[in-house]
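Enquirer: Here you go, this is target.txt (compact mmCIF, C-alpha atoms and all ligand atoms).
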# COMPACT_ATOMS: atom_id res chain seq x y z
CA MET A 28 0.00 0.00 0.00
CA THR A 29 1.41 3.44 -0.87
CA ASP A 30 1.50 6.35 1.55
CA THR A 31 -1.19 8.03 -0.41
CA ALA A 32 -3.40 4.99 -0.30
CA LYS A 33 -3.02 4.76 3.51
CA SER A 34 -4.18 8.31 4.01
CA PRO A 35 -6.41 10.40 1.82
CA PHE A 36 -3.90 13.19 2.30
CA TRP A 37 -0.22 13.71 1.74
CA PRO A 38 1.76 12.38 4.69
CA THR A 39 5.27 13.86 4.35
CA LYS A 40 6.56 17.37 4.78
CA SER A 41 8.38 18.21 1.55
CA PRO A 42 7.69 21.83 0.44
CA VAL A 43 5.18 20.67 -2.14
CA ARG A 44 3.49 18.32 0.25
CA ARG A 45 3.32 20.92 2.98
CA SER A 46 1.34 23.09 0.67
CA MET A 47 -0.76 20.09 -0.23
CA ASP A 48 -1.48 19.72 3.50
CA ALA A 49 -2.57 23.32 3.62
CA ARG A 50 -4.75 22.68 0.65
CA ASN A 51 -6.34 19.66 2.22
CA SER A 52 -7.06 21.54 5.42
CA VAL A 53 -9.07 23.97 3.32
CA PHE A 54 -10.99 21.13 1.70
CA ASN A 55 -11.44 19.39 5.03
CA ARG A 56 -12.97 22.47 6.56
CA LEU A 57 -15.29 22.53 3.62
CA SER A 58 -16.32 18.92 3.93
CA LEU A 59 -17.00 19.42 7.64
CA ARG A 60 -19.55 22.03 6.69
CA LYS A 61 -21.42 19.63 4.46
CA SER A 62 -24.76 20.88 5.69
CA THR A 63 -26.39 21.55 2.36
CA PRO A 64 -30.05 20.70 2.65
CA MET A 65 -30.88 18.60 -0.37
CA GLU A 66 -34.63 18.57 -0.14
CA SER A 67 -35.10 18.12 -3.86
CA LEU A 68 -32.95 15.00 -3.89
CA PRO A 69 -33.90 11.57 -2.68
CA LYS A 70 -33.02 10.99 0.99
CA GLN A 71 -30.36 8.41 0.13
CA LEU A 72 -28.31 11.17 -1.48
CA HIS A 73 -27.33 12.52 1.96
CA LYS A 74 -24.17 10.57 2.42
CA ASN A 75 -20.43 10.63 2.07
CA TRP A 76 -19.85 10.49 -1.61
CA LYS A 77 -17.17 8.73 -3.55
CA ILE A 78 -16.52 8.58 -7.23
CA THR A 79 -17.65 4.96 -7.46
CA ASP A 80 -21.17 6.09 -6.45
CA PHE A 81 -21.51 7.51 -9.95
CA GLU A 82 -21.75 6.09 -13.42
CA LEU A 83 -19.84 8.37 -15.76
CA GLY A 84 -21.64 9.60 -18.85
CA ARG A 85 -20.53 11.95 -21.59
CA LYS A 86 -18.15 14.82 -21.02
CA LEU A 87 -20.14 18.06 -20.96
CA GLY A 88 -17.23 20.42 -21.14
CA LYS A 89 -13.89 21.54 -19.83
CA GLY A 90 -13.13 24.54 -17.65
CA LYS A 91 -9.99 26.13 -16.29
CA PHE A 92 -9.64 23.65 -13.45
CA GLY A 93 -11.13 20.44 -14.71
CA LYS A 94 -13.79 18.61 -16.61
CA VAL A 95 -17.54 18.29 -16.25
CA TYR A 96 -19.37 15.03 -16.89
CA CYS A 97 -22.98 14.02 -17.05
CA VAL A 98 -23.30 11.32 -14.39
CA ARG A 99 -25.92 9.08 -12.88
CA GLU A 100 -25.97 8.28 -9.19
CA ILE A 101 -26.01 4.51 -9.29
CA GLU A 102 -28.29 3.83 -6.33
CA THR A 103 -31.09 6.21 -7.29
CA GLY A 104 -30.51 6.80 -11.00
CA PHE A 105 -30.48 10.56 -10.32
CA VAL A 106 -28.83 12.37 -13.26
CA CYS A 107 -26.59 15.30 -12.44
CA ALA A 108 -23.37 16.97 -13.56
CA LEU A 109 -20.08 16.17 -11.88
CA LYS A 110 -17.36 18.78 -12.00
CA VAL A 111 -13.99 17.18 -11.40
CA MET A 112 -11.23 19.55 -10.38
CA ASP A 113 -7.58 18.78 -9.82
CA LYS A 114 -6.52 19.91 -6.34
CA ARG A 115 -3.01 20.68 -7.57
CA GLU A 116 -4.39 23.04 -10.20
CA LEU A 117 -6.53 24.84 -7.63
CA LEU A 118 -3.50 25.14 -5.41
CA ASN A 119 -1.15 26.24 -8.19
CA TYR A 120 -3.49 29.04 -9.13
CA LYS A 121 -3.90 29.90 -5.43
CA VAL A 122 -7.67 29.86 -5.78
CA GLU A 123 -8.53 27.28 -3.11
CA LYS A 124 -9.95 29.83 -0.67
CA GLN A 125 -11.95 31.53 -3.39
CA PHE A 126 -13.13 28.11 -4.46
CA VAL A 127 -14.30 27.22 -0.95
CA ARG A 128 -16.19 30.51 -0.75
CA GLU A 129 -17.79 29.79 -4.12
CA ILE A 130 -19.00 26.42 -2.86
CA GLU A 131 -20.29 27.84 0.40
CA ILE A 132 -22.27 30.48 -1.44
CA GLN A 133 -23.64 28.21 -4.17
CA ALA A 134 -24.59 25.51 -1.67
CA ASN A 135 -26.98 27.95 -0.02
CA VAL A 136 -28.67 29.10 -3.18
CA ARG A 137 -32.14 27.70 -3.94
CA HIS A 138 -33.76 29.29 -6.95
CA VAL A 139 -35.13 27.74 -10.09
CA ASN A 140 -32.86 29.98 -12.18
CA CYS A 141 -29.66 29.34 -10.22
CA LEU A 142 -27.69 26.15 -10.82
CA ARG A 143 -27.97 23.96 -7.74
CA LEU A 144 -24.97 22.56 -6.00
CA TYR A 145 -26.15 19.32 -4.39
CA GLY A 146 -22.96 18.31 -2.66
CA TRP A 147 -19.24 17.78 -2.91
CA PHE A 148 -16.56 15.39 -1.95
CA HIS A 149 -12.86 14.96 -2.47
CA ASP A 150 -10.20 12.30 -2.70
CA HIS A 151 -6.42 12.60 -2.66
CA ARG A 152 -6.36 14.00 -6.17
CA ASN A 153 -9.57 15.81 -7.03
CA VAL A 154 -12.44 17.81 -5.67
CA TYR A 155 -15.84 16.85 -7.08
CA LEU A 156 -18.88 19.09 -7.25
CA ILE A 157 -22.28 17.45 -7.71
CA LEU A 158 -24.24 19.98 -9.73
CA GLU A 159 -27.66 20.23 -11.24
CA TYR A 160 -27.54 19.09 -14.86
CA ALA A 161 -28.45 21.78 -17.41
CA ALA A 162 -29.46 19.77 -20.45
CA GLU A 163 -29.12 22.43 -23.13
CA GLY A 164 -25.63 23.65 -22.18
CA GLU A 165 -24.20 27.11 -22.54
CA LEU A 166 -26.31 30.11 -23.46
CA TYR A 167 -23.17 31.67 -24.94
CA LYS A 168 -22.99 29.01 -27.65
CA LEU A 169 -26.65 29.48 -28.52
CA LEU A 170 -26.19 33.23 -28.78
CA LYS A 171 -23.15 32.79 -31.03
CA SER A 172 -25.03 30.39 -33.29
CA LYS A 173 -28.12 32.65 -33.55
CA ARG A 174 -26.03 35.86 -33.61
CA ARG A 175 -28.76 37.60 -31.63
CA PHE A 176 -32.07 36.78 -29.99
CA ASP A 177 -35.50 38.07 -30.93
CA ASP A 178 -37.43 40.16 -28.38
CA ILE A 179 -39.52 37.27 -27.08
CA THR A 180 -36.49 35.08 -26.37
CA ALA A 181 -34.35 37.93 -25.03
CA SER A 182 -37.10 39.15 -22.71
CA TYR A 183 -37.73 35.64 -21.38
CA TYR A 184 -34.04 35.12 -20.62
CA THR A 185 -33.65 38.62 -19.17
CA PHE A 186 -36.61 38.18 -16.86
CA GLN A 187 -35.28 34.88 -15.55
CA VAL A 188 -31.79 36.28 -14.96
CA ALA A 189 -33.34 39.28 -13.18
CA SER A 190 -35.36 36.88 -10.96
CA ALA A 191 -32.18 34.96 -10.09
CA LEU A 192 -30.26 38.15 -9.28
CA SER A 193 -33.12 39.61 -7.29
CA TYR A 194 -33.20 36.42 -5.21
CA LEU A 195 -29.42 36.52 -4.67
CA HIS A 196 -29.51 40.17 -3.64
CA LYS A 197 -32.21 39.44 -1.07
CA LYS A 198 -29.77 36.92 0.38
CA HIS A 199 -27.03 39.57 0.27
CA ILE A 200 -25.14 37.71 -2.43
CA VAL A 201 -23.64 39.72 -5.29
CA HIS A 202 -22.82 37.55 -8.31
CA ARG A 203 -20.30 39.96 -9.92
CA ASP A 204 -19.60 37.90 -13.03
CA LEU A 205 -22.75 37.89 -15.07
CA LYS A 206 -22.18 37.14 -18.77
CA PRO A 207 -23.55 34.65 -21.34
CA GLU A 208 -20.67 32.24 -20.61
CA ASN A 209 -21.92 31.88 -17.03
CA ILE A 210 -25.49 31.05 -17.93
CA LEU A 211 -26.58 27.50 -18.67
CA LEU A 212 -29.84 26.41 -20.20
CA HIS A 213 -32.12 23.62 -19.16
CA PHE A 214 -35.14 22.31 -21.08
CA ASN A 215 -37.80 24.81 -22.18
CA ASN A 216 -35.34 27.70 -22.24
CA GLN A 217 -35.01 27.70 -18.50
CA ILE A 218 -32.04 29.76 -17.35
CA LYS A 219 -29.55 28.42 -14.82
CA LEU A 220 -27.18 31.06 -13.53
CA SER A 221 -23.85 29.41 -12.71
CA ASP A 222 -20.25 30.15 -11.81
CA PHE A 223 -20.29 31.79 -8.41
CA GLY A 224 -16.50 32.17 -8.48
CA TRP A 225 -16.60 35.94 -8.08
CA SER A 226 -19.69 36.10 -5.89
CA VAL A 227 -19.53 37.63 -2.52
CA TYR A 228 -21.71 37.51 0.53
CA ALA A 229 -22.11 41.13 1.64
CA PRO A 230 -24.60 41.51 4.48
CA GLY A 231 -25.63 44.95 5.71
CA HIS A 232 -24.84 47.73 3.32
CA SER A 233 -21.17 46.90 3.00
CA LYS A 234 -19.39 48.15 -0.08
CA ARG A 235 -16.62 46.25 -1.85
CA THR A 236 -13.57 47.43 -3.74
CA THR A 237 -12.31 44.30 -5.54
CA MET A 238 -12.28 44.78 -9.26
CA CYS A 239 -13.65 41.59 -10.72
CA GLY A 240 -15.64 40.15 -13.54
CA THR A 241 -15.15 40.48 -17.26
CA LEU A 242 -14.00 43.72 -18.85
CA ASP A 243 -16.99 44.30 -21.14
CA TYR A 244 -19.35 43.78 -18.20
CA LEU A 245 -17.59 46.04 -15.68
CA PRO A 246 -19.67 48.96 -14.36
CA PRO A 247 -18.37 52.56 -14.14
CA GLU A 248 -17.79 52.31 -10.37
CA MET A 249 -15.40 49.39 -10.91
CA VAL A 250 -13.46 50.92 -13.80
CA GLU A 251 -13.13 54.08 -11.70
CA ALA A 252 -11.94 51.97 -8.73
CA LYS A 253 -14.76 53.16 -6.47
CA THR A 254 -16.61 50.99 -4.00
CA HIS A 255 -19.44 48.86 -5.32
CA ASP A 256 -22.47 46.94 -4.14
CA GLU A 257 -25.13 44.65 -5.65
CA LYS A 258 -25.98 47.27 -8.30
CA VAL A 259 -22.99 45.96 -10.27
CA ASP A 260 -25.21 43.02 -11.21
CA VAL A 261 -27.95 45.38 -12.43
CA TRP A 262 -25.44 47.08 -14.71
CA ALA A 263 -24.26 43.66 -15.96
CA LEU A 264 -27.87 42.73 -16.71
CA GLY A 265 -28.09 45.81 -18.94
CA ILE A 266 -24.94 44.70 -20.79
CA LEU A 267 -26.33 41.18 -21.08
CA LEU A 268 -29.64 42.42 -22.46
CA TYR A 269 -27.79 44.56 -25.03
CA GLU A 270 -25.67 41.53 -26.02
CA PHE A 271 -28.80 39.36 -26.38
CA LEU A 272 -30.38 41.85 -28.78
CA VAL A 273 -27.33 43.15 -30.64
CA GLY A 274 -24.96 40.16 -30.55
CA ARG A 275 -22.05 41.94 -28.86
CA PRO A 276 -21.61 43.95 -25.66
CA PRO A 277 -22.12 47.74 -25.96
CA PHE A 278 -18.65 49.01 -25.05
CA GLU A 279 -16.60 46.36 -26.84
CA GLU A 280 -13.42 47.77 -28.42
CA GLN A 281 -10.12 46.47 -29.76
CA ASN A 282 -8.21 47.88 -26.83
CA SER A 283 -9.32 47.73 -23.24
CA SER A 284 -8.49 51.32 -22.32
CA THR A 285 -11.02 52.55 -24.91
CA THR A 286 -13.59 50.18 -23.43
CA TYR A 287 -12.84 51.59 -19.95
CA LYS A 288 -13.33 55.15 -21.19
CA ARG A 289 -16.60 54.32 -22.93
CA ILE A 290 -17.90 52.57 -19.82
CA ALA A 291 -16.99 55.54 -17.58
CA LYS A 292 -18.82 57.91 -19.95
CA VAL A 293 -21.69 55.43 -20.49
CA ASP A 294 -21.08 56.00 -24.18
CA LEU A 295 -24.05 53.88 -25.21
CA ARG A 296 -25.04 53.53 -28.87
CA ILE A 297 -28.11 51.41 -29.40
CA PRO A 298 -28.69 50.27 -33.01
CA SER A 299 -31.98 51.35 -34.57
CA PHE A 300 -33.18 47.74 -35.02
CA VAL A 301 -33.56 47.46 -31.22
CA SER A 302 -37.18 48.18 -30.34
CA PRO A 303 -37.79 51.45 -28.41
CA ASP A 304 -39.13 49.57 -25.36
CA ALA A 305 -36.08 47.32 -25.19
CA ALA A 306 -33.79 50.33 -25.65
CA ASP A 307 -35.61 52.04 -22.77
CA LEU A 308 -34.94 49.10 -20.45
CA ILE A 309 -31.27 48.96 -21.51
CA ARG A 310 -30.87 52.66 -20.71
CA LYS A 311 -32.60 52.25 -17.37
CA LEU A 312 -30.27 49.41 -16.39
CA LEU A 313 -27.13 51.13 -17.66
CA LYS A 314 -27.22 54.24 -15.49
CA TYR A 315 -23.92 55.71 -14.33
CA GLU A 316 -25.16 56.21 -10.77
CA PRO A 317 -25.74 52.76 -9.22
CA GLU A 318 -28.70 53.94 -7.13
CA LYS A 319 -30.51 55.21 -10.23
CA ARG A 320 -30.42 51.81 -11.94
CA PHE A 321 -33.71 50.02 -12.54
CA ARG A 322 -34.91 47.90 -9.64
CA LEU A 323 -34.75 44.21 -10.47
CA SER A 324 -37.95 43.51 -8.56
CA GLU A 325 -39.76 45.92 -10.93
CA ILE A 326 -38.57 44.30 -14.13
CA GLY A 327 -41.81 42.35 -14.61
CA LYS A 328 -43.66 45.66 -14.85
CA HIS A 329 -41.51 47.15 -17.60
CA PRO A 330 -43.52 47.62 -20.86
CA TRP A 331 -41.04 45.57 -22.92
CA ILE A 332 -41.42 42.62 -20.57
CA LEU A 333 -45.18 43.04 -20.27
CA LYS A 334 -45.58 43.08 -24.05
CA ASN A 335 -43.39 40.06 -24.70
CA ARG A 336 -44.40 37.85 -21.83
CA LEU A 337 -47.67 37.11 -23.61
CA HIS A 338 -45.58 35.01 -26.01
CA TRP A 339 -43.43 33.21 -23.48
CA PRO A 340 -43.77 29.43 -23.28
CA SER A 341 -46.58 28.07 -21.16
CA THR A 342 -43.93 26.43 -18.97
CA PHE A 343 -43.35 29.93 -17.65
CA MET A 344 -46.32 29.30 -15.33
CA GLY A 345 -45.01 28.79 -11.86
CA LEU A 346 -41.86 30.82 -12.40
CA GLU A 347 -43.64 34.00 -11.45
CA ASN A 348 -43.68 33.30 -7.77
CA THR A 349 -40.03 32.30 -7.52
N1 LIG A 401 -24.20 21.67 -14.68
C1 LIG A 401 -23.90 21.57 -15.95
N2 LIG A 401 -24.77 21.07 -16.84
C2 LIG A 401 -24.43 21.00 -18.16
N3 LIG A 401 -23.25 21.40 -18.67
C3 LIG A 401 -22.34 21.92 -17.83
C4 LIG A 401 -22.61 22.03 -16.43
N4 LIG A 401 -21.53 22.58 -15.84
C5 LIG A 401 -20.64 22.80 -16.81
N5 LIG A 401 -21.11 22.40 -18.01
C6 LIG A 401 -20.39 22.47 -19.30
O1 LIG A 401 -19.02 22.27 -19.05
C7 LIG A 401 -18.26 23.41 -19.45
C8 LIG A 401 -17.13 23.63 -18.46
O2 LIG A 401 -17.67 24.04 -17.24
P1 LIG A 401 -16.79 24.66 -16.11
O3 LIG A 401 -17.70 25.22 -15.08
O4 LIG A 401 -15.75 23.72 -15.66
O5 LIG A 401 -15.97 25.72 -16.86
P2 LIG A 401 -16.19 27.22 -17.15
O6 LIG A 401 -17.66 27.51 -17.28
O7 LIG A 401 -15.33 27.56 -18.29
O8 LIG A 401 -15.75 27.85 -15.80
P3 LIG A 401 -14.31 28.19 -15.28
O9 LIG A 401 -13.93 29.42 -16.05
O10 LIG A 401 -14.60 28.44 -13.84
O11 LIG A 401 -13.42 27.05 -15.49
C9 LIG A 401 -19.27 24.55 -19.49
O12 LIG A 401 -18.85 25.52 -20.38
C10 LIG A 401 -20.54 23.83 -19.93
O13 LIG A 401 -20.55 23.69 -21.33
Please go through the file and, once you have read it, give me the structure as structure tokens.
Expert:
Amino acid sequence: MTDTAKSPFWPTKSPVRRSMDARNSVFNRLSLRKSTPMESLPKQLHKNWKITDFELGRKLGKGKFGKVYCVREIETGFVCALKVMDKRELLNYKVEKQFVREIEIQANVRHVNCLRLYGWFHDHRNVYLILEYAAEGELYKLLKSKRRFDDITASYYTFQVASALSYLHKKHIVHRDLKPENILLHFNNQIKLSDFGWSVYAPGHSKRTTMCGTLDYLPPEMVEAKTHDEKVDVWALGILLYEFLVGRPPFEEQNSSTTYKRIAKVDLRIPSFVSPDAADLIRKLLKYEPEKRFRLSEIGKHPWILKNRLHWPSTFMGLENT
């Protein structure tokens, strides 16, 4: 039996292994807090997982730190996604603490439009996240293939993302990295907001200073290095809506300093093919002053949403109260 087989962790004290110990202590703390209620899963799923509990299906994709597979829990047949991440990679990129925070936040999120994290486990090599399976994959790919969405589709997606963000904000969670790449789709065009890697739990009215997210989606307060709060997500929703309807974000430029300048000036140019109602909502979301941005809880009352929701799929029923 090797040392590694004897213990799930690294036993010796070489420099590399010391840092592996540190890494494992982070993951151990995490596994001790395995308190995620899993009410939507069969009771048997509350247990200490191991990789052999799952039957591996097709690979769904590859991210920075590992691969994602469609899997079936053998005992119950429950289909989910398993994200397999190499501990060494997480450690090399010094993201283990951020990763733990991401898990702790996502584990507490329960909304039909937020990707569920059902549980996690780890072995000597990998950390595994048991995630809700989003059958239709990335929204980004769909947008690229369609170039842009029509008003009915864009309004349906926008409303669902707004519902997810509104829910998160009520729980004092700021997502901070909204973009098409971080949105997955389930059947019937149901949105699943994912990737809580930049999210932060900010109770009270605390303001943050970390600059994070993706350049094209940064709000003026971040490019100007001011403090920010949950209104950064409202700005990002405006960028997302513009991208849905136009096919590219509004301040996109060859060089990033020009993008920064355009964001700070809110140099917004909306093409004439965008309907006036949609343009109105974009402008109301993309306000320079965070406190003047449209309230997410009011989005269902905006004329563009009201007009288009008549054409949303009937499966929309039931979403309204979430
Ligand atoms: N729950 C899921 N259901 C269906 N497909 C998924 C799911 N999670 C991930 N995928 C697919 O796997 C791909 C890789 O996901 P992953 O989260 O590892 O990478 P990522 O989105 O690029 O994030 P990161 O930048 O953090 O690595 C996604 O782009 C998506 O296509």
Enquirer: Kindly work out which residues sit at most 9 Å from ligand LIG 401 (chain A), using all atoms listed in the file, and give the list as a ChimeraX atom specification.
Expert: /A:86-97,107-112,142-144,157-168,208-213,219,221-224
Enquirer: Please list as a PyMOL selection string every residue within 10 Å of A:Lys77, counting only C-alpha atoms and excluding residues in the same chain fewer than 3 positions away.
Expert: chain A and resi 74+80-81+147-150+155
Enquirer: Counting all atoms listed in the file, figure out which residue out of A:Gln133, A:Asn153, A:Ser324, A:Asn140 gets nearest to A:Leu117.
Expert: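 Nearest to A:Leu117: A:Asn153.
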Enquirer: Give me the residues near A:Ala263 as JSON, numbers by chain, where near means some atom within 8 Å (using all atoms listed in the file) and where sequence neighbours in that chain fewer than 4 positions away do not count.
Expert: {"A": [204, 205, 206, 244, 245, 246, 259, 267]}
Enquirer: Select, from A:Ala291, A:Val301, A:Ile266, A:Ile326, the residue with the minimum atom-to-atom distance to A:Ala252, counting only C-alpha atoms.
Expert: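 Of A:Ala291, A:Val301, A:Ile266, A:Ile326, the one nearest A:Ala252 is A:Ala291, counting only C-alpha atoms.
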Enquirer: What lies within 12 Å of A:His338 using only C-alpha atoms, ignoring chain neighbours under 4 positions off, as JSON, numbers by chain?
Expert: {"A": [177, 178, 179, 180, 181, 182, 183, 331, 332, 333, 334, 342, 343]}
Enquirer: Would you list the contacts of A:Val188 as a list of chain:residue names, taking every protein, DNA or RNA residue within 9 Å and counting only C-alpha atoms, but skipping same-chain residues closer than 2 positions in sequence?
Expert: A:Asn140, A:Cys141, A:Tyr183, A:Tyr184, A:Thr185, A:Phe186, A:Ser190, A:Ala191, A:Leu192, A:Ser193, A:Ile210, A:Ile218, A:Lys219, A:Leu220, A:Leu264
Enquirer: Rounded to one decimal place, report the atom CA of A:Ala134-atom CA of A:Arg203 distance in Å.
Expert: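 About the pair atom CA of A:Ala134 and atom CA of A:Arg203: they are 17.2 Å apart.
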Enquirer: Quote the spacing between atom CA of A:Lys197 and atom CA of A:Glu318 in Å to one decimal place.
Expert: 16.1 Å
Enquirer: Rounded to one decimal place, report the atom CA of A:Glu116-atom CA of A:Ala229 distance in Å.
Expert: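 Taking atom CA of A:Glu116 as the start and atom CA of A:Ala229 as the end point, the length is 28.0 Å.
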Enquirer: Go through A:Arg137, A:His329, A:Lys173, A:Lys292 one by one, measure the shortest atom-to-atom distance of each to A:Lys311 using all atoms listed in the file, and give the residue with the smallest value.
Expert: A:His329
